[in-house]
>>> print(open('run19.cif').read())   # mmCIF, C-alpha atoms
data_structure
#
loop_
_atom_site.label_atom_id
_atom_site.label_comp_id
_atom_site.auth_asym_id
_atom_site.auth_seq_id
_atom_site.Cartn_x
_atom_site.Cartn_y
_atom_site.Cartn_z
CA MET F 1 31.97 -17.20 118.77
CA LYS F 2 35.61 -16.51 118.44
CA SER F 3 37.15 -17.15 115.07
CA GLU F 4 40.65 -18.52 114.76
CA PRO F 5 43.09 -16.76 112.42
CA THR F 6 43.41 -18.54 109.15
CA THR F 7 46.56 -19.11 107.21
CA THR F 8 45.18 -17.06 104.32
CA SER F 9 44.68 -13.97 106.50
CA TRP F 10 48.20 -14.36 107.91
CA ALA F 11 49.57 -14.62 104.37
CA GLY F 12 47.78 -11.37 103.51
CA TRP F 13 49.33 -9.60 106.50
CA LYS F 14 52.78 -10.90 105.54
CA ARG F 15 52.38 -9.45 102.03
CA ILE F 16 51.39 -6.07 103.52
CA LEU F 17 54.35 -6.20 105.91
CA TYR F 18 56.79 -7.06 103.10
CA ALA F 19 55.36 -4.28 100.91
CA ALA F 20 55.75 -1.76 103.74
CA LEU F 21 59.30 -2.91 104.38
CA ALA F 22 60.15 -2.64 100.68
CA PHE F 23 58.70 0.89 100.64
CA VAL F 24 60.86 1.90 103.62
CA VAL F 25 64.01 0.48 102.00
CA VAL F 26 63.32 2.22 98.67
CA ALA F 27 62.54 5.53 100.45
CA PHE F 28 65.76 5.25 102.46
CA ILE F 29 67.85 4.59 99.36
CA TYR F 30 66.11 7.37 97.42
CA ASN F 31 66.76 9.93 100.21
CA LEU F 32 70.27 8.79 101.15
CA GLN F 33 72.07 11.21 98.82
CA GLY F 34 70.02 14.13 100.15
CA GLN F 35 70.75 13.15 103.74
CA VAL F 36 74.48 12.91 103.05
CA THR F 37 74.43 16.31 101.33
CA ALA F 38 72.49 17.88 104.21
CA TYR F 39 74.96 16.44 106.73
CA ARG F 40 77.92 17.89 104.80
CA GLN F 41 76.25 21.29 104.48
CA LYS F 42 75.47 21.36 108.21
CA ARG F 43 79.08 20.49 109.04
CA ASP F 44 80.35 23.22 106.68
CA LEU F 45 77.93 25.80 108.10
CA GLU F 46 79.03 25.00 111.66
CA LYS F 47 82.68 25.40 110.59
CA THR F 48 81.91 28.73 108.91
CA PHE F 49 80.12 29.96 112.02
CA ARG F 50 83.09 28.97 114.21
CA GLU F 51 85.51 30.83 111.92
CA TYR F 52 83.27 33.91 111.86
CA SER F 53 82.95 33.79 115.67
CA GLN F 54 86.71 33.46 116.10
CA ALA F 55 87.24 36.53 113.91
CA ILE F 56 84.81 38.55 116.06
CA GLU F 57 86.36 37.26 119.30
CA SER F 58 89.85 38.22 118.09
CA ARG F 59 88.47 41.62 116.97
CA ASP F 60 89.52 40.97 113.37
CA TYR F 61 86.45 42.76 112.05
CA SER F 62 87.63 42.85 108.44
CA ALA F 63 87.94 39.03 108.46
CA ALA F 64 84.47 38.73 110.05
CA TYR F 65 83.03 41.17 107.50
CA ALA F 66 84.48 39.05 104.68
CA PHE F 67 81.98 36.30 105.60
CA GLY F 68 79.16 38.54 104.32
CA ASN F 69 77.56 38.00 100.94
CA ALA F 70 76.87 40.77 98.39
CA PRO F 71 73.47 41.87 99.83
CA PHE F 72 75.03 41.99 103.31
CA LYS F 73 77.87 44.18 102.07
CA GLU F 74 75.44 46.43 100.19
CA ALA F 75 73.42 46.94 103.37
CA ILE F 76 76.33 47.67 105.71
CA SER F 77 79.80 49.08 105.13
CA PRO F 78 82.91 47.65 106.81
CA GLN F 79 83.17 50.79 108.94
CA VAL F 80 79.59 50.55 110.20
CA PHE F 81 80.03 46.81 110.85
CA GLU F 82 83.13 47.49 112.95
CA ALA F 83 81.39 50.34 114.78
CA GLN F 84 78.52 48.01 115.68
CA GLN F 85 80.91 45.43 117.10
CA ARG F 86 82.75 48.05 119.14
CA SER F 87 79.41 49.45 120.34
CA PHE F 88 78.47 46.07 121.79
CA GLU F 89 81.68 46.06 123.82
CA SER F 90 81.23 49.64 124.97
CA GLN F 91 77.74 48.73 126.25
CA LEU F 92 78.42 45.23 127.62
CA GLY F 93 82.14 45.16 128.43
CA THR F 94 84.82 42.92 127.01
CA LEU F 95 83.67 40.05 124.80
CA ARG F 96 84.60 36.74 126.45
CA SER F 97 83.18 34.17 124.03
CA ILE F 98 80.69 33.44 121.27
CA ARG F 99 78.83 30.16 121.08
CA GLU F 100 76.22 28.57 118.87
CA GLY F 101 72.72 28.22 120.28
CA SER F 102 69.88 26.79 118.25
CA PHE F 103 70.53 25.83 114.66
CA TYR F 104 68.19 25.45 111.69
CA MET F 105 69.09 24.63 108.10
CA HIS F 106 67.08 23.72 105.03
CA GLY F 107 67.45 23.35 101.29
CA ARG F 108 64.81 23.88 98.63
CA GLY F 109 64.40 23.80 94.90
CA SER F 110 66.38 22.58 91.99
CA PRO F 111 69.17 23.50 91.97
CA MET F 112 69.14 23.34 95.76
CA ARG F 113 69.21 26.68 97.61
CA TRP F 114 70.49 26.27 101.17
CA VAL F 115 69.69 28.62 104.06
CA GLY F 116 70.88 28.32 107.65
CA LEU F 117 69.85 30.18 110.80
CA VAL F 118 72.26 30.12 113.71
CA GLU F 119 71.54 31.60 117.12
CA GLU F 120 74.64 33.40 118.28
CA ILE F 121 75.12 33.83 122.03
CA ARG F 122 77.81 36.29 123.01
CA ASP F 123 79.12 36.41 126.57
CA TYR F 124 80.39 39.81 127.66
CA ASP F 125 81.66 40.97 131.06
CA LYS F 126 78.35 42.69 131.83
CA GLY F 127 75.89 40.28 130.23
CA LYS F 128 74.86 38.27 127.20
CA LEU F 129 73.85 39.29 123.70
CA HIS F 130 71.59 37.04 121.62
CA MET F 131 71.51 37.29 117.84
CA VAL F 132 70.22 35.19 114.95
CA CYS F 133 72.43 35.11 111.88
CA GLU F 134 71.14 33.98 108.51
CA PHE F 135 73.61 32.28 106.20
CA HIS F 136 73.16 31.40 102.53
CA LEU F 137 75.21 28.89 100.58
CA GLU F 138 76.54 30.83 97.60
CA ASP F 139 79.28 29.86 95.18
CA GLY F 140 80.06 26.76 97.23
CA ARG F 141 80.55 28.51 100.57
CA TRP F 142 78.36 29.70 103.43
CA GLN F 143 78.06 33.48 103.68
CA ILE F 144 76.26 35.79 106.09
CA PHE F 145 73.10 37.31 104.66
CA GLY F 146 72.28 39.21 107.84
CA CYS F 147 72.16 39.18 111.63
CA LYS F 148 69.49 40.44 113.98
CA ARG F 149 69.68 41.08 117.68
CA THR F 150 66.99 39.09 119.47
CA ASP F 151 67.29 40.13 123.13
#
>>> encode(input="run19.cif", output="structure tokens")
Amino acid sequence: MKSEPTTTSWAGWKRILYAALAFVVVAFIYNLQGQVTAYRQKRDLEKTFREYSQAIESRDYSAAYAFGNAPFKEAISPQVFEAQQRSFESQLGTLRSIREGSFYMHGRGSPMRWVGLVEEIRDYDKGKLHMVCEFHLEDGRWQIFGCKRTD
């Protein structure tokens, strides 16, 4: 025998549906501020990466080095940083462009600590160079923590 749905069972499903919808709305409102903040941080990180890339492309190594944070600058001197950049060109030819590849960013804790990983793809006359650069948000601005060659 097939039973027909009753109005009481439909009323129960409607209550569950309304409760689920209310949960989604509350979760959306609760997370809205975090989503807006994450969007702004992503936009700022992309802008910082573009400015850093433009400094490297224009061979303004002191300006590019200035994007480093304190641990970065403790690990590498401006002279060694510039020598590394010139070494890439001596091996691979003239740098034509730098572009962003994959991008990952997250924030944790309270207060929020933001970290971003940006794949850097450099096009030279004789080939490509792939790097991953780690950025940290410090004192209200994104700074390079370190870069690693990945190819």
>>> atom_distance(input="run19.cif", atom1="CA of Cys147 (chain F)", atom2="CA of Gly109 (chain F)")
24.0 Å
>>> resolve_selection(input="run19.cif", expression="the PyMOL selection byres ((chain F and resi 129) around 10)", output="ChimeraX atom specification")
/F:88,92,95,98,120-124,126-128,130-131,149-151
>>> residues_around(input="run19.cif", residues="Gly116 (chain F)", least_positions_apart="3", cutoff="10 Å", atoms="only C-alpha atoms", output="VMD selection string")
chain F and resid 41 to 42 45 to 46 103 to 107 133 to 137 142 to 145
>>> write_last_selection(input="run19.cif", atoms="C-alpha atoms", output="JSON list (two decimals), keeping the file's coordinate frame")
[["chain", "number", "residue", "atom", "x", "y", "z"],
["F", 41, "GLN", "CA", 76.25, 21.29, 104.48],
["F", 42, "LYS", "CA", 75.47, 21.36, 108.21],
["F", 45, "LEU", "CA", 77.93, 25.80, 108.10],
["F", 46, "GLU", "CA", 79.03, 25.00, 111.66],
["F", 103, "PHE", "CA", 70.53, 25.83, 114.66],
["F", 104, "TYR", "CA", 68.19, 25.45, 111.69],
["F", 105, "MET", "CA", 69.09, 24.63, 108.10],
["F", 106, "HIS", "CA", 67.08, 23.72, 105.03],
["F", 107, "GLY", "CA", 67.45, 23.35, 101.29],
["F", 133, "CYS", "CA", 72.43, 35.11, 111.88],
["F", 134, "GLU", "CA", 71.14, 33.98, 108.51],
["F", 135, "PHE", "CA", 73.61, 32.28, 106.20],
["F", 136, "HIS", "CA", 73.16, 31.40, 102.53],
["F", 137, "LEU", "CA", 75.21, 28.89, 100.58],
["F", 142, "TRP", "CA", 78.36, 29.70, 103.43],
["F", 143, "GLN", "CA", 78.06, 33.48, 103.68],
["F", 144, "ILE", "CA", 76.26, 35.79, 106.09],
["F", 145, "PHE", "CA", 73.10, 37.31, 104.66]]
>>> resolve_selection(input="run19.cif", expression="the PyMOL selection byres ((chain F and resi 62) around 12)", output="PyMOL selection string")
chain F and resi 52+55-56+58-61+63-68+73+77-83+85
>>> atom_distance(input="run19.cif", atom1="CA of Ser97 (chain F)", atom2="CA of Arg40 (chain F)")
25.7 Å
>>> closest_residue(input="run19.cif", among="F:Glu57, F:Glu100, F:Asp44, F:Glu74", to="Val132 (chain F)", atoms="all atoms listed in the file")
F:Glu100
>>> atom_distance(input="run19.cif", atom1="CA of Val36 (chain F)", atom2="CA of Gly140 (chain F)")
16.0 Å
>>> build_atoms(input="run19.cif", residues="region 15-45 of chain F", atoms="N, CA and C atoms", output="mmCIF file, in the coordinates of the input")
data_model
loop_
_atom_site.group_PDB
_atom_site.id
_atom_site.type_symbol
_atom_site.label_atom_id
_atom_site.label_comp_id
_atom_site.auth_asym_id
_atom_site.auth_seq_id
_atom_site.Cartn_x
_atom_site.Cartn_y
_atom_site.Cartn_z
ATOM 1 N N ARG F 15 52.178 -10.214 103.280
ATOM 2 C CA ARG F 15 52.380 -9.450 102.030
ATOM 3 C C ARG F 15 52.375 -7.948 102.322
ATOM 4 N N ILE F 16 51.452 -7.506 103.160
ATOM 5 C CA ILE F 16 51.390 -6.070 103.520
ATOM 6 C C ILE F 16 52.669 -5.661 104.244
ATOM 7 N N LEU F 17 53.129 -6.488 105.166
ATOM 8 C CA LEU F 17 54.350 -6.200 105.910
ATOM 9 C C LEU F 17 55.561 -6.122 104.976
ATOM 10 N N TYR F 18 55.678 -7.074 104.061
ATOM 11 C CA TYR F 18 56.790 -7.060 103.100
ATOM 12 C C TYR F 18 56.717 -5.833 102.182
ATOM 13 N N ALA F 19 55.518 -5.462 101.758
ATOM 14 C CA ALA F 19 55.360 -4.280 100.910
ATOM 15 C C ALA F 19 55.775 -3.014 101.659
ATOM 16 N N ALA F 20 55.373 -2.921 102.923
ATOM 17 C CA ALA F 20 55.750 -1.760 103.740
ATOM 18 C C ALA F 20 57.261 -1.707 103.935
ATOM 19 N N LEU F 21 57.856 -2.848 104.206
ATOM 20 C CA LEU F 21 59.300 -2.910 104.380
ATOM 21 C C LEU F 21 60.026 -2.527 103.093
ATOM 22 N N ALA F 22 59.548 -3.003 101.971
ATOM 23 C CA ALA F 22 60.150 -2.640 100.680
ATOM 24 C C ALA F 22 60.034 -1.141 100.448
ATOM 25 N N PHE F 23 58.891 -0.557 100.793
ATOM 26 C CA PHE F 23 58.700 0.890 100.640
ATOM 27 C C PHE F 23 59.717 1.664 101.493
ATOM 28 N N VAL F 24 59.903 1.230 102.733
ATOM 29 C CA VAL F 24 60.860 1.900 103.620
ATOM 30 C C VAL F 24 62.271 1.808 103.058
ATOM 31 N N VAL F 25 62.662 0.655 102.563
ATOM 32 C CA VAL F 25 64.010 0.480 102.000
ATOM 33 C C VAL F 25 64.195 1.370 100.773
ATOM 34 N N VAL F 26 63.219 1.384 99.875
ATOM 35 C CA VAL F 26 63.320 2.220 98.670
ATOM 36 C C VAL F 26 63.370 3.697 99.052
ATOM 37 N N ALA F 27 62.539 4.129 100.008
ATOM 38 C CA ALA F 27 62.540 5.530 100.450
ATOM 39 C C ALA F 27 63.893 5.900 101.059
ATOM 40 N N PHE F 28 64.447 4.998 101.850
ATOM 41 C CA PHE F 28 65.760 5.250 102.460
ATOM 42 C C PHE F 28 66.827 5.422 101.387
ATOM 43 N N ILE F 29 66.856 4.513 100.429
ATOM 44 C CA ILE F 29 67.850 4.590 99.360
ATOM 45 C C ILE F 29 67.653 5.860 98.529
ATOM 46 N N TYR F 30 66.416 6.182 98.222
ATOM 47 C CA TYR F 30 66.110 7.370 97.420
ATOM 48 C C TYR F 30 66.576 8.646 98.124
ATOM 49 N N ASN F 31 66.428 8.720 99.451
ATOM 50 C CA ASN F 31 66.760 9.930 100.210
ATOM 51 C C ASN F 31 68.187 9.947 100.745
ATOM 52 N N LEU F 32 68.938 8.882 100.583
ATOM 53 C CA LEU F 32 70.270 8.790 101.150
ATOM 54 C C LEU F 32 71.187 9.907 100.660
ATOM 55 N N GLN F 33 71.201 10.161 99.366
ATOM 56 C CA GLN F 33 72.070 11.210 98.820
ATOM 57 C C GLN F 33 71.725 12.570 99.422
ATOM 58 N N GLY F 34 70.439 12.860 99.549
ATOM 59 C CA GLY F 34 70.020 14.130 100.150
ATOM 60 C C GLY F 34 70.430 14.243 101.598
ATOM 61 N N GLN F 35 70.347 13.141 102.338
ATOM 62 C CA GLN F 35 70.750 13.150 103.740
ATOM 63 C C GLN F 35 72.259 13.356 103.883
ATOM 64 N N VAL F 36 73.027 12.733 103.016
ATOM 65 C CA VAL F 36 74.480 12.910 103.050
ATOM 66 C C VAL F 36 74.829 14.352 102.718
ATOM 67 N N THR F 37 74.189 14.917 101.710
ATOM 68 C CA THR F 37 74.430 16.310 101.330
ATOM 69 C C THR F 37 74.065 17.251 102.476
ATOM 70 N N ALA F 38 72.921 17.030 103.096
ATOM 71 C CA ALA F 38 72.490 17.880 104.210
ATOM 72 C C ALA F 38 73.486 17.788 105.372
ATOM 73 N N TYR F 39 73.976 16.602 105.655
ATOM 74 C CA TYR F 39 74.960 16.440 106.730
ATOM 75 C C TYR F 39 76.227 17.242 106.416
ATOM 76 N N ARG F 40 76.703 17.152 105.183
ATOM 77 C CA ARG F 40 77.920 17.890 104.800
ATOM 78 C C ARG F 40 77.700 19.395 104.878
ATOM 79 N N GLN F 41 76.532 19.851 104.430
ATOM 80 C CA GLN F 41 76.250 21.290 104.480
ATOM 81 C C GLN F 41 76.175 21.778 105.924
ATOM 82 N N LYS F 42 75.567 20.990 106.788
ATOM 83 C CA LYS F 42 75.470 21.360 108.210
ATOM 84 C C LYS F 42 76.868 21.456 108.820
ATOM 85 N N ARG F 43 77.705 20.478 108.529
ATOM 86 C CA ARG F 43 79.080 20.490 109.040
ATOM 87 C C ARG F 43 79.835 21.725 108.537
ATOM 88 N N ASP F 44 79.667 22.055 107.251
ATOM 89 C CA ASP F 44 80.350 23.220 106.680
ATOM 90 C C ASP F 44 79.820 24.531 107.270
ATOM 91 N N LEU F 45 78.513 24.593 107.496
ATOM 92 C CA LEU F 45 77.930 25.800 108.100
ATOM 93 C C LEU F 45 78.444 25.983 109.528
#
